[in-house]
>>> print(open('structure-v6.cif').read())   # mmCIF, C-alpha atoms
data_target
#
loop_
_atom_site.group_PDB
_atom_site.id
_atom_site.type_symbol
_atom_site.label_atom_id
_atom_site.label_comp_id
_atom_site.auth_asym_id
_atom_site.auth_seq_id
_atom_site.Cartn_x
_atom_site.Cartn_y
_atom_site.Cartn_z
ATOM 1 C CA MET A 1 40.383 49.866 -27.376
ATOM 2 C CA TYR A 2 37.333 48.800 -25.395
ATOM 3 C CA ILE A 3 35.817 50.649 -22.415
ATOM 4 C CA TYR A 4 33.916 48.484 -19.905
ATOM 5 C CA ILE A 5 31.055 50.146 -18.016
ATOM 6 C CA CYS A 6 29.640 48.460 -14.882
ATOM 7 C CA GLU A 7 25.890 49.088 -14.897
ATOM 8 C CA PHE A 8 25.232 47.455 -11.504
ATOM 9 C CA CYS A 9 28.104 48.746 -9.373
ATOM 10 C CA ASN A 10 27.203 51.166 -6.561
ATOM 11 C CA PHE A 11 30.332 52.910 -5.415
ATOM 12 C CA SER A 12 28.407 55.015 -2.872
ATOM 13 C CA SER A 13 27.017 52.040 -0.937
ATOM 14 C CA HIS A 14 27.487 51.952 2.853
ATOM 15 C CA ILE A 15 27.949 49.019 5.184
ATOM 16 C CA ILE A 16 25.008 48.541 7.559
ATOM 17 C CA ASP A 17 26.167 49.112 11.132
ATOM 18 C CA LEU A 18 24.192 48.489 14.332
ATOM 19 C CA PRO A 19 24.064 51.453 16.751
ATOM 20 C CA THR A 20 26.771 51.424 19.425
ATOM 21 C CA ILE A 21 27.241 53.828 22.344
ATOM 22 C CA LEU A 22 30.798 55.101 22.050
ATOM 23 C CA ARG A 23 30.796 57.676 24.818
ATOM 24 C CA LEU A 24 28.462 58.809 27.590
ATOM 25 C CA GLU A 25 29.533 61.236 30.274
ATOM 26 C CA ILE A 26 28.630 64.259 32.355
ATOM 27 C CA LEU A 27 31.207 66.839 31.354
ATOM 28 C CA ASN A 28 31.289 68.620 34.717
ATOM 29 C CA GLY A 29 31.152 65.470 36.874
ATOM 30 C CA ASN A 30 28.493 63.129 38.244
ATOM 31 C CA THR A 31 28.051 65.015 41.534
ATOM 32 C CA VAL A 32 27.013 68.676 41.397
ATOM 33 C CA ASP A 33 25.668 71.405 43.659
ATOM 34 C CA GLU A 34 22.136 72.752 43.404
ATOM 35 C CA GLN A 35 21.715 75.574 40.874
ATOM 36 C CA GLN A 36 24.754 74.302 38.962
ATOM 37 C CA SER A 37 24.352 73.496 35.262
ATOM 38 C CA VAL A 38 24.806 69.893 34.122
ATOM 39 C CA ASP A 39 26.176 69.024 30.659
ATOM 40 C CA PHE A 40 25.588 65.511 29.318
ATOM 41 C CA LEU A 41 27.336 64.230 26.187
ATOM 42 C CA CYS A 42 26.605 61.074 24.208
ATOM 43 C CA GLU A 43 28.293 59.763 21.050
ATOM 44 C CA VAL A 44 26.748 56.935 19.034
ATOM 45 C CA ASN A 45 28.074 55.027 16.019
ATOM 46 C CA GLY A 46 25.898 53.288 13.428
ATOM 47 C CA TYR A 47 24.566 53.363 9.879
ATOM 48 C CA PRO A 48 22.028 54.506 8.845
ATOM 49 C CA VAL A 49 22.856 57.540 10.978
ATOM 50 C CA PRO A 50 21.016 57.013 14.296
ATOM 51 C CA ASP A 51 18.523 59.118 16.223
ATOM 52 C CA ILE A 52 19.709 59.875 19.765
ATOM 53 C CA SER A 53 17.241 60.239 22.651
ATOM 54 C CA TRP A 54 17.781 61.297 26.254
ATOM 55 C CA ILE A 55 15.537 59.489 28.728
ATOM 56 C CA LEU A 56 14.993 59.768 32.492
ATOM 57 C CA SER A 57 15.290 56.104 33.446
ATOM 58 C CA SER A 58 13.043 56.103 36.529
ATOM 59 C CA THR A 59 9.975 57.266 34.574
ATOM 60 C CA ASN A 60 10.997 56.501 30.958
ATOM 61 C CA THR A 61 10.351 60.169 30.195
ATOM 62 C CA VAL A 62 11.912 61.326 26.914
ATOM 63 C CA LEU A 63 13.779 64.541 27.678
ATOM 64 C CA LYS A 64 15.239 65.299 24.249
ATOM 65 C CA LYS A 65 15.599 63.712 20.793
ATOM 66 C CA ASP A 66 18.091 64.553 18.023
ATOM 67 C CA GLU A 67 17.526 62.915 14.634
ATOM 68 C CA HIS A 68 20.246 61.573 12.306
ATOM 69 C CA VAL A 69 23.257 62.535 14.423
ATOM 70 C CA PHE A 70 26.334 60.843 15.828
ATOM 71 C CA LYS A 71 26.653 63.192 18.818
ATOM 72 C CA SER A 72 24.086 64.747 21.162
ATOM 73 C CA LYS A 73 24.163 66.977 24.227
ATOM 74 C CA TYR A 74 21.578 67.419 26.977
ATOM 75 C CA LEU A 75 21.672 70.382 29.343
ATOM 76 C CA ILE A 76 20.109 70.929 32.769
ATOM 77 C CA PRO A 77 20.519 74.708 33.275
ATOM 78 C CA LYS A 78 19.976 74.712 37.048
ATOM 79 C CA ALA A 79 20.037 71.388 38.851
ATOM 80 C CA ASN A 80 17.855 70.754 41.882
ATOM 81 C CA CYS A 81 17.381 67.889 44.306
ATOM 82 C CA LEU A 82 14.882 66.053 42.099
ATOM 83 C CA HIS A 83 17.307 65.907 39.170
ATOM 84 C CA THR A 84 19.206 63.166 41.015
ATOM 85 C CA GLY A 85 18.752 59.913 39.096
ATOM 86 C CA SER A 86 19.816 57.763 36.145
ATOM 87 C CA TYR A 87 19.850 59.214 32.641
ATOM 88 C CA ARG A 88 19.798 57.058 29.520
ATOM 89 C CA CYS A 89 21.305 57.802 26.131
ATOM 90 C CA GLN A 90 19.607 55.701 23.451
ATOM 91 C CA GLY A 91 20.659 55.402 19.815
ATOM 92 C CA ILE A 92 18.171 54.017 17.269
ATOM 93 C CA ASN A 93 18.377 53.337 13.553
ATOM 94 C CA VAL A 94 16.343 51.281 11.093
ATOM 95 C CA ILE A 95 17.828 48.186 9.490
ATOM 96 C CA ASP A 96 15.777 46.092 7.041
ATOM 97 C CA GLY A 97 12.634 47.873 8.222
ATOM 98 C CA GLU A 98 13.242 47.067 11.887
ATOM 99 C CA PHE A 99 14.155 49.475 14.699
ATOM 100 C CA VAL A 100 17.482 48.572 16.301
ATOM 101 C CA ASN A 101 18.664 50.352 19.426
ATOM 102 C CA ALA A 102 21.505 50.524 21.894
ATOM 103 C CA PHE A 103 21.610 52.422 25.151
ATOM 104 C CA SER A 104 23.750 53.267 28.149
ATOM 105 C CA GLU A 105 22.937 54.918 31.479
ATOM 106 C CA ILE A 106 24.746 57.354 33.741
ATOM 107 C CA ASP A 107 23.927 58.535 37.279
ATOM 108 C CA LEU A 108 23.656 62.159 38.373
ATOM 109 C CA PHE A 109 23.774 63.198 42.051
ATOM 110 C CA VAL A 110 22.698 66.676 43.143
ATOM 111 C CA LEU A 111 23.851 67.683 46.627
ATOM 112 C CA CYS A 112 20.944 69.105 48.634
ATOM 113 C CA SER A 113 20.051 69.690 52.267
ATOM 114 C CA ALA A 114 17.018 68.035 53.868
ATOM 115 C CA ARG A 115 13.696 69.676 53.010
ATOM 116 C CA ILE A 116 10.029 68.804 52.661
ATOM 117 C CA ASP A 117 9.002 67.134 49.409
ATOM 118 C CA GLN A 118 6.437 69.643 48.174
ATOM 119 C CA ARG A 119 4.932 67.193 45.699
ATOM 120 C CA TYR A 120 2.988 65.726 48.629
ATOM 121 C CA SER A 121 0.404 67.334 50.898
ATOM 122 C CA GLU A 122 1.868 68.200 54.288
ATOM 123 C CA GLU A 123 0.399 66.821 57.498
ATOM 124 C CA LEU A 124 -1.538 69.347 59.574
ATOM 125 C CA GLU A 125 0.482 70.835 62.425
ATOM 126 C CA ASP A 126 -2.431 70.256 64.845
ATOM 127 C CA ILE A 127 -3.633 66.655 64.931
ATOM 128 C CA ALA A 128 -6.642 65.605 67.022
ATOM 129 C CA VAL A 129 -6.813 61.899 67.866
ATOM 130 C CA MET A 130 -9.401 60.063 69.950
ATOM 131 C CA GLU A 131 -8.132 58.163 72.964
ATOM 132 C CA SER A 132 -7.719 54.505 71.940
ATOM 133 C CA GLY A 133 -7.629 55.630 68.306
ATOM 134 C CA ASP A 134 -4.604 55.443 65.994
ATOM 135 C CA LEU A 135 -2.009 58.127 65.289
ATOM 136 C CA ASN A 136 -0.190 58.228 61.963
ATOM 137 C CA ILE A 137 2.208 61.016 60.954
ATOM 138 C CA ARG A 138 4.044 60.637 57.648
ATOM 139 C CA VAL A 139 6.632 63.106 56.359
ATOM 140 C CA PHE A 140 8.119 63.087 52.849
ATOM 141 C CA ILE A 141 11.658 64.453 52.705
ATOM 142 C CA LEU A 142 14.157 65.219 49.946
ATOM 143 C CA ALA A 143 17.894 65.109 50.643
ATOM 144 C CA TYR A 144 21.188 63.920 49.195
ATOM 145 C CA PRO A 145 23.341 62.461 50.678
ATOM 146 C CA GLU A 146 20.986 60.300 52.754
ATOM 147 C CA PRO A 147 19.887 62.247 55.845
ATOM 148 C CA ILE A 148 19.774 61.291 59.498
ATOM 149 C CA ILE A 149 16.145 61.461 60.654
ATOM 150 C CA ILE A 150 15.070 61.487 64.311
ATOM 151 C CA TRP A 151 11.834 62.160 66.206
ATOM 152 C CA THR A 152 11.242 63.404 69.752
ATOM 153 C CA MET A 153 8.057 64.003 71.739
ATOM 154 C CA ARG A 154 7.430 66.509 74.542
ATOM 155 C CA HIS A 155 4.484 65.540 76.739
ATOM 156 C CA SER A 156 1.746 68.185 76.796
ATOM 157 C CA ASP A 157 1.174 67.990 80.593
ATOM 158 C CA THR A 158 4.577 67.218 82.098
ATOM 159 C CA GLY A 159 6.821 68.911 79.511
ATOM 160 C CA GLN A 160 9.080 65.877 79.666
ATOM 161 C CA ASP A 161 10.862 64.725 76.483
ATOM 162 C CA TYR A 162 10.509 61.149 75.262
ATOM 163 C CA THR A 163 11.979 59.100 72.452
ATOM 164 C CA VAL A 164 9.530 58.078 69.734
ATOM 165 C CA ASN A 165 9.226 54.845 67.787
ATOM 166 C CA TYR A 166 9.342 55.628 64.061
ATOM 167 C CA THR A 167 10.278 54.030 60.758
ATOM 168 C CA ASN A 168 12.356 55.528 57.963
ATOM 169 C CA SER A 169 12.364 54.501 54.318
ATOM 170 C CA PHE A 170 15.327 55.746 52.267
ATOM 171 C CA ASN A 171 15.772 56.097 48.523
ATOM 172 C CA SER A 172 18.560 57.883 46.675
ATOM 173 C CA VAL A 173 16.948 61.287 47.229
ATOM 174 C CA GLU A 174 13.328 60.644 48.325
ATOM 175 C CA HIS A 175 12.778 59.565 51.928
ATOM 176 C CA ILE A 176 9.731 58.811 54.094
ATOM 177 C CA SER A 177 9.574 58.970 57.881
ATOM 178 C CA THR A 178 6.528 57.676 59.757
ATOM 179 C CA VAL A 179 5.300 57.728 63.336
ATOM 180 C CA ASN A 180 2.536 55.199 63.959
ATOM 181 C CA ILE A 181 0.893 54.597 67.332
ATOM 182 C CA THR A 182 -2.034 52.236 67.746
ATOM 183 C CA GLU A 183 -4.496 52.758 70.607
ATOM 184 C CA VAL A 184 -3.343 56.204 71.673
ATOM 185 C CA SER A 185 -3.414 56.884 75.410
ATOM 186 C CA THR A 186 -2.948 60.067 77.460
ATOM 187 C CA LYS A 187 0.815 59.532 77.556
ATOM 188 C CA ASP A 188 0.938 59.935 73.757
ATOM 189 C CA TYR A 189 -0.433 63.503 73.646
ATOM 190 C CA GLY A 190 2.150 66.227 73.097
ATOM 191 C CA VAL A 191 4.411 67.880 70.551
ATOM 192 C CA TYR A 192 6.142 65.558 68.084
ATOM 193 C CA THR A 193 9.199 67.007 66.349
ATOM 194 C CA ILE A 194 11.035 65.586 63.350
ATOM 195 C CA THR A 195 14.612 66.646 62.600
ATOM 196 C CA ALA A 196 16.305 65.626 59.341
ATOM 197 C CA PHE A 197 19.819 66.638 58.370
ATOM 198 C CA ASN A 198 22.880 65.774 56.320
ATOM 199 C CA LYS A 199 26.208 67.539 55.766
ATOM 200 C CA ILE A 200 24.661 69.884 53.173
ATOM 201 C CA GLY A 201 23.006 73.020 54.540
ATOM 202 C CA PRO A 202 20.688 73.539 57.526
ATOM 203 C CA PRO A 203 18.473 70.811 59.071
ATOM 204 C CA TYR A 204 14.762 70.417 58.362
ATOM 205 C CA VAL A 205 12.703 70.693 61.567
ATOM 206 C CA LYS A 206 8.922 70.393 61.853
ATOM 207 C CA SER A 207 6.625 69.981 64.892
ATOM 208 C CA PHE A 208 3.148 68.480 65.195
ATOM 209 C CA THR A 209 0.861 68.967 68.180
ATOM 210 C CA VAL A 210 -1.169 65.831 68.961
ATOM 211 C CA LYS A 211 -4.177 66.493 71.204
ATOM 212 C CA PRO A 212 -7.217 64.506 72.367
ATOM 213 C CA LEU A 213 -10.352 64.546 70.243
ATOM 214 C CA GLY A 214 -12.661 62.630 72.513
ATOM 215 C CA LYS A 215 -13.294 59.236 73.996
ATOM 216 C CA TYR A 216 -13.212 56.377 71.525
ATOM 217 C CA VAL A 217 -16.283 54.132 71.773
ATOM 218 C CA LYS A 218 -16.112 50.632 70.313
#
>>> encode(input="structure-v6.cif", output="structure tokens")
Amino acid sequence: MYIYICEFCNFSSHIIDLPTILRLEILNGNTVDEQQSVDFLCEVNGYPVPDISWILSSTNTVLKKDEHVFKSKYLIPKANCLHTGSYRCQGINVIDGEFVNAFSEIDLFVLCSARIDQRYSEELEDIAVMESGDLNIRVFILAYPEPIIIWTMRHSDTGQDYTVNYTNSFNSVEHISTVNITEVSTKDYGVYTITAFNKIGPPYVKSFTVKPLGKYVK
């Protein structure tokens, strides 16, 4: 009787498999209230076993990385307005010395009332502008859903209310409202009030007093 021994057989060999995103979801839903926790889950297939990274898409900031896993979780303990955005799950492995990756993205929306974006310096409440000079008031606001933003002006001498020309720029959660007046005249001096609101919580209200600085000389 003869016994044959295979010297070159490798019974533990694995088939190379490119990374594939099998599952990406927010376990408690894509829309959450402020202060609520947010649980992300991502499952990735592939061999060699992939590394899984969580990335904030808007800035490409790596939030978390788990090495050599098929499943990864990412937790936001207390969500706030600025957590609204797209989150990317990325799986990476190395095949023949080259990095190979796959990714998928999911959107998170955090409900929040209108408020000032404190990452920016606030405009002074008292603004002195020369007659025939230019007035520019810019306010940075956070809110989701998109707020309604309006301006009014009460004349400093007559007390009469006027509508104001302004421009609004809206993003998913970051918004900019601007009042711009070229060649200010006496009719433009008064109290300018911005009101921003959505269906979540109280409105944001802020007033600016615009007063004469002096005669503009060309």
>>> atom_distance(input="structure-v6.cif", atom1="atom CA of Asp107 of chain A", atom2="atom CA of Val173 of chain A")
12.5 Å
>>> atom_distance(input="structure-v6.cif", atom1="atom CA of Leu142 of chain A", atom2="atom CA of His175 of chain A")
6.1 Å
>>> closest_residue(input="structure-v6.cif", among="A:Thr178, A:Ser132, A:Asn28, A:Gln36", to="Asn80 of chain A", atoms="all atoms listed in the file")
A:Gln36
>>> residues_around(input="structure-v6.cif", residues="Ile21 of chain A", least_positions_apart="5", cutoff="7 Å", atoms="all atoms listed in the file", output="PyMOL selection string")
chain A and resi 43-45+102-104
>>> resolve_selection(input="structure-v6.cif", expression="the PyMOL selection byres ((chain A and resi 169) around 12)", output="JSON, numbers by chain")
{"A": [138, 139, 140, 141, 142, 146, 147, 148, 149, 166, 167, 168, 170, 171, 172, 173, 174, 175, 176, 177, 178, 179]}
>>> write_last_selection(input="structure-v6.cif", atoms="C-alpha atoms", output="PDB file, in the frame of the given file")
ATOM      1  CA  ARG A 138       4.044  60.637  57.648  1.00  0.00           C
ATOM      2  CA  VAL A 139       6.632  63.106  56.359  1.00  0.00           C
ATOM      3  CA  PHE A 140       8.119  63.087  52.849  1.00  0.00           C
ATOM      4  CA  ILE A 141      11.658  64.453  52.705  1.00  0.00           C
ATOM      5  CA  LEU A 142      14.157  65.219  49.946  1.00  0.00           C
ATOM      6  CA  GLU A 146      20.986  60.300  52.754  1.00  0.00           C
ATOM      7  CA  PRO A 147      19.887  62.247  55.845  1.00  0.00           C
ATOM      8  CA  ILE A 148      19.774  61.291  59.498  1.00  0.00           C
ATOM      9  CA  ILE A 149      16.145  61.461  60.654  1.00  0.00           C
ATOM     10  CA  TYR A 166       9.342  55.628  64.061  1.00  0.00           C
ATOM     11  CA  THR A 167      10.278  54.030  60.758  1.00  0.00           C
ATOM     12  CA  ASN A 168      12.356  55.528  57.963  1.00  0.00           C
ATOM     13  CA  PHE A 170      15.327  55.746  52.267  1.00  0.00           C
ATOM     14  CA  ASN A 171      15.772  56.097  48.523  1.00  0.00           C
ATOM     15  CA  SER A 172      18.560  57.883  46.675  1.00  0.00           C
ATOM     16  CA  VAL A 173      16.948  61.287  47.229  1.00  0.00           C
ATOM     17  CA  GLU A 174      13.328  60.644  48.325  1.00  0.00           C
ATOM     18  CA  HIS A 175      12.778  59.565  51.928  1.00  0.00           C
ATOM     19  CA  ILE A 176       9.731  58.811  54.094  1.00  0.00           C
ATOM     20  CA  SER A 177       9.574  58.970  57.881  1.00  0.00           C
ATOM     21  CA  THR A 178       6.528  57.676  59.757  1.00  0.00           C
ATOM     22  CA  VAL A 179       5.300  57.728  63.336  1.00  0.00           C
TER      23      VAL A 179
END
>>> closest_residue(input="structure-v6.cif", among="A:Ile181, A:Ala79, A:Val49, A:Val129", to="Glu67 of chain A", atoms="only C-alpha atoms")
A:Val49
>>> residues_around(input="structure-v6.cif", residues="Lys73 of chain A", least_positions_apart="5", cutoff="10 Å", atoms="all atoms listed in the file", output="PyMOL selection string")
chain A and resi 24-26+39-43+52-54+64-66+89
>>> write_last_selection(input="structure-v6.cif", atoms="C-alpha atoms", output="compact mmCIF listing (two decimals), in the frame of the given file")
# COMPACT_ATOMS: atom_id res chain seq x y z
CA LEU A 24 28.46 58.81 27.59
CA GLU A 25 29.53 61.24 30.27
CA ILE A 26 28.63 64.26 32.35
CA ASP A 39 26.18 69.02 30.66
CA PHE A 40 25.59 65.51 29.32
CA LEU A 41 27.34 64.23 26.19
CA CYS A 42 26.60 61.07 24.21
CA GLU A 43 28.29 59.76 21.05
CA ILE A 52 19.71 59.88 19.76
CA SER A 53 17.24 60.24 22.65
CA TRP A 54 17.78 61.30 26.25
CA LYS A 64 15.24 65.30 24.25
CA LYS A 65 15.60 63.71 20.79
CA ASP A 66 18.09 64.55 18.02
CA CYS A 89 21.30 57.80 26.13
>>> atom_distance(input="structure-v6.cif", atom1="atom CA of Arg115 of chain A", atom2="atom CA of Pro203 of chain A")
7.8 Å
>>> closest_residue(input="structure-v6.cif", among="A:Lys206, A:Glu98, A:Glu183, A:Asn30", to="Glu122 of chain A", atoms="only C-alpha atoms")
A:Lys206
>>> closest_residue(input="structure-v6.cif", among="A:Thr182, A:Val164, A:Glu125, A:Gly97", to="Val210 of chain A", atoms="all atoms listed in the file")
A:Glu125
>>> resolve_selection(input="structure-v6.cif", expression="the PyMOL selection byres ((chain A and resi 208) around 10)", output="list in words")
Glu123, Leu124, Glu125, Asp126, Ile127, Ile137, Met153, Gly190, Val191, Tyr192, Thr193, Ile194, Lys206, Ser207, Thr209, Val210 and Lys211 of chain A
>>> write_last_selection(input="structure-v6.cif", atoms="C-alpha atoms", output="mmCIF file, keeping the file's coordinate frame")
data_model
loop_
_atom_site.group_PDB
_atom_site.id
_atom_site.type_symbol
_atom_site.label_atom_id
_atom_site.label_comp_id
_atom_site.auth_asym_id
_atom_site.auth_seq_id
_atom_site.Cartn_x
_atom_site.Cartn_y
_atom_site.Cartn_z
ATOM 1 C CA GLU A 123 0.399 66.821 57.498
ATOM 2 C CA LEU A 124 -1.538 69.347 59.574
ATOM 3 C CA GLU A 125 0.482 70.835 62.425
ATOM 4 C CA ASP A 126 -2.431 70.256 64.845
ATOM 5 C CA ILE A 127 -3.633 66.655 64.931
ATOM 6 C CA ILE A 137 2.208 61.016 60.954
ATOM 7 C CA MET A 153 8.057 64.003 71.739
ATOM 8 C CA GLY A 190 2.150 66.227 73.097
ATOM 9 C CA VAL A 191 4.411 67.880 70.551
ATOM 10 C CA TYR A 192 6.142 65.558 68.084
ATOM 11 C CA THR A 193 9.199 67.007 66.349
ATOM 12 C CA ILE A 194 11.035 65.586 63.350
ATOM 13 C CA LYS A 206 8.922 70.393 61.853
ATOM 14 C CA SER A 207 6.625 69.981 64.892
ATOM 15 C CA THR A 209 0.861 68.967 68.180
ATOM 16 C CA VAL A 210 -1.169 65.831 68.961
ATOM 17 C CA LYS A 211 -4.177 66.493 71.204
#
>>> residues_around(input="structure-v6.cif", residues="His155 of chain A", least_positions_apart="4", cutoff="8 Å", atoms="all atoms listed in the file", output="PyMOL selection string")
chain A and resi 159-162+187-191
>>> residues_around(input="structure-v6.cif", residues="Ser113 of chain A", least_positions_apart="6", cutoff="8 Å", atoms="all atoms listed in the file", output="mmCIF file with C-alpha atoms, in the frame of the given file")
data_model
loop_
_atom_site.group_PDB
_atom_site.id
_atom_site.type_symbol
_atom_site.label_atom_id
_atom_site.label_comp_id
_atom_site.auth_asym_id
_atom_site.auth_seq_id
_atom_site.Cartn_x
_atom_site.Cartn_y
_atom_site.Cartn_z
ATOM 1 C CA LEU A 142 14.157 65.219 49.946
ATOM 2 C CA ALA A 143 17.894 65.109 50.643
ATOM 3 C CA TYR A 144 21.188 63.920 49.195
ATOM 4 C CA PHE A 197 19.819 66.638 58.370
ATOM 5 C CA ASN A 198 22.880 65.774 56.320
ATOM 6 C CA LYS A 199 26.208 67.539 55.766
ATOM 7 C CA ILE A 200 24.661 69.884 53.173
ATOM 8 C CA GLY A 201 23.006 73.020 54.540
ATOM 9 C CA PRO A 202 20.688 73.539 57.526
ATOM 10 C CA PRO A 203 18.473 70.811 59.071
#
>>> closest_residue(input="structure-v6.cif", among="A:Asn101, A:Thr84, A:Asn165, A:Thr186", to="Asp33 of chain A", atoms="only C-alpha atoms")
A:Thr84
>>> closest_residue(input="structure-v6.cif", among="A:Ser37, A:Asn180, A:Pro50, A:Leu213", to="Asn136 of chain A", atoms="all atoms listed in the file")
A:Asn180
>>> resolve_selection(input="structure-v6.cif", expression="the PyMOL selection byres ((chain A and resi 57) around 7)", output="list of chain:residue names")
A:Ile55, A:Leu56, A:Ser58, A:Thr59, A:Asn60, A:Ser86, A:Tyr87, A:Arg88
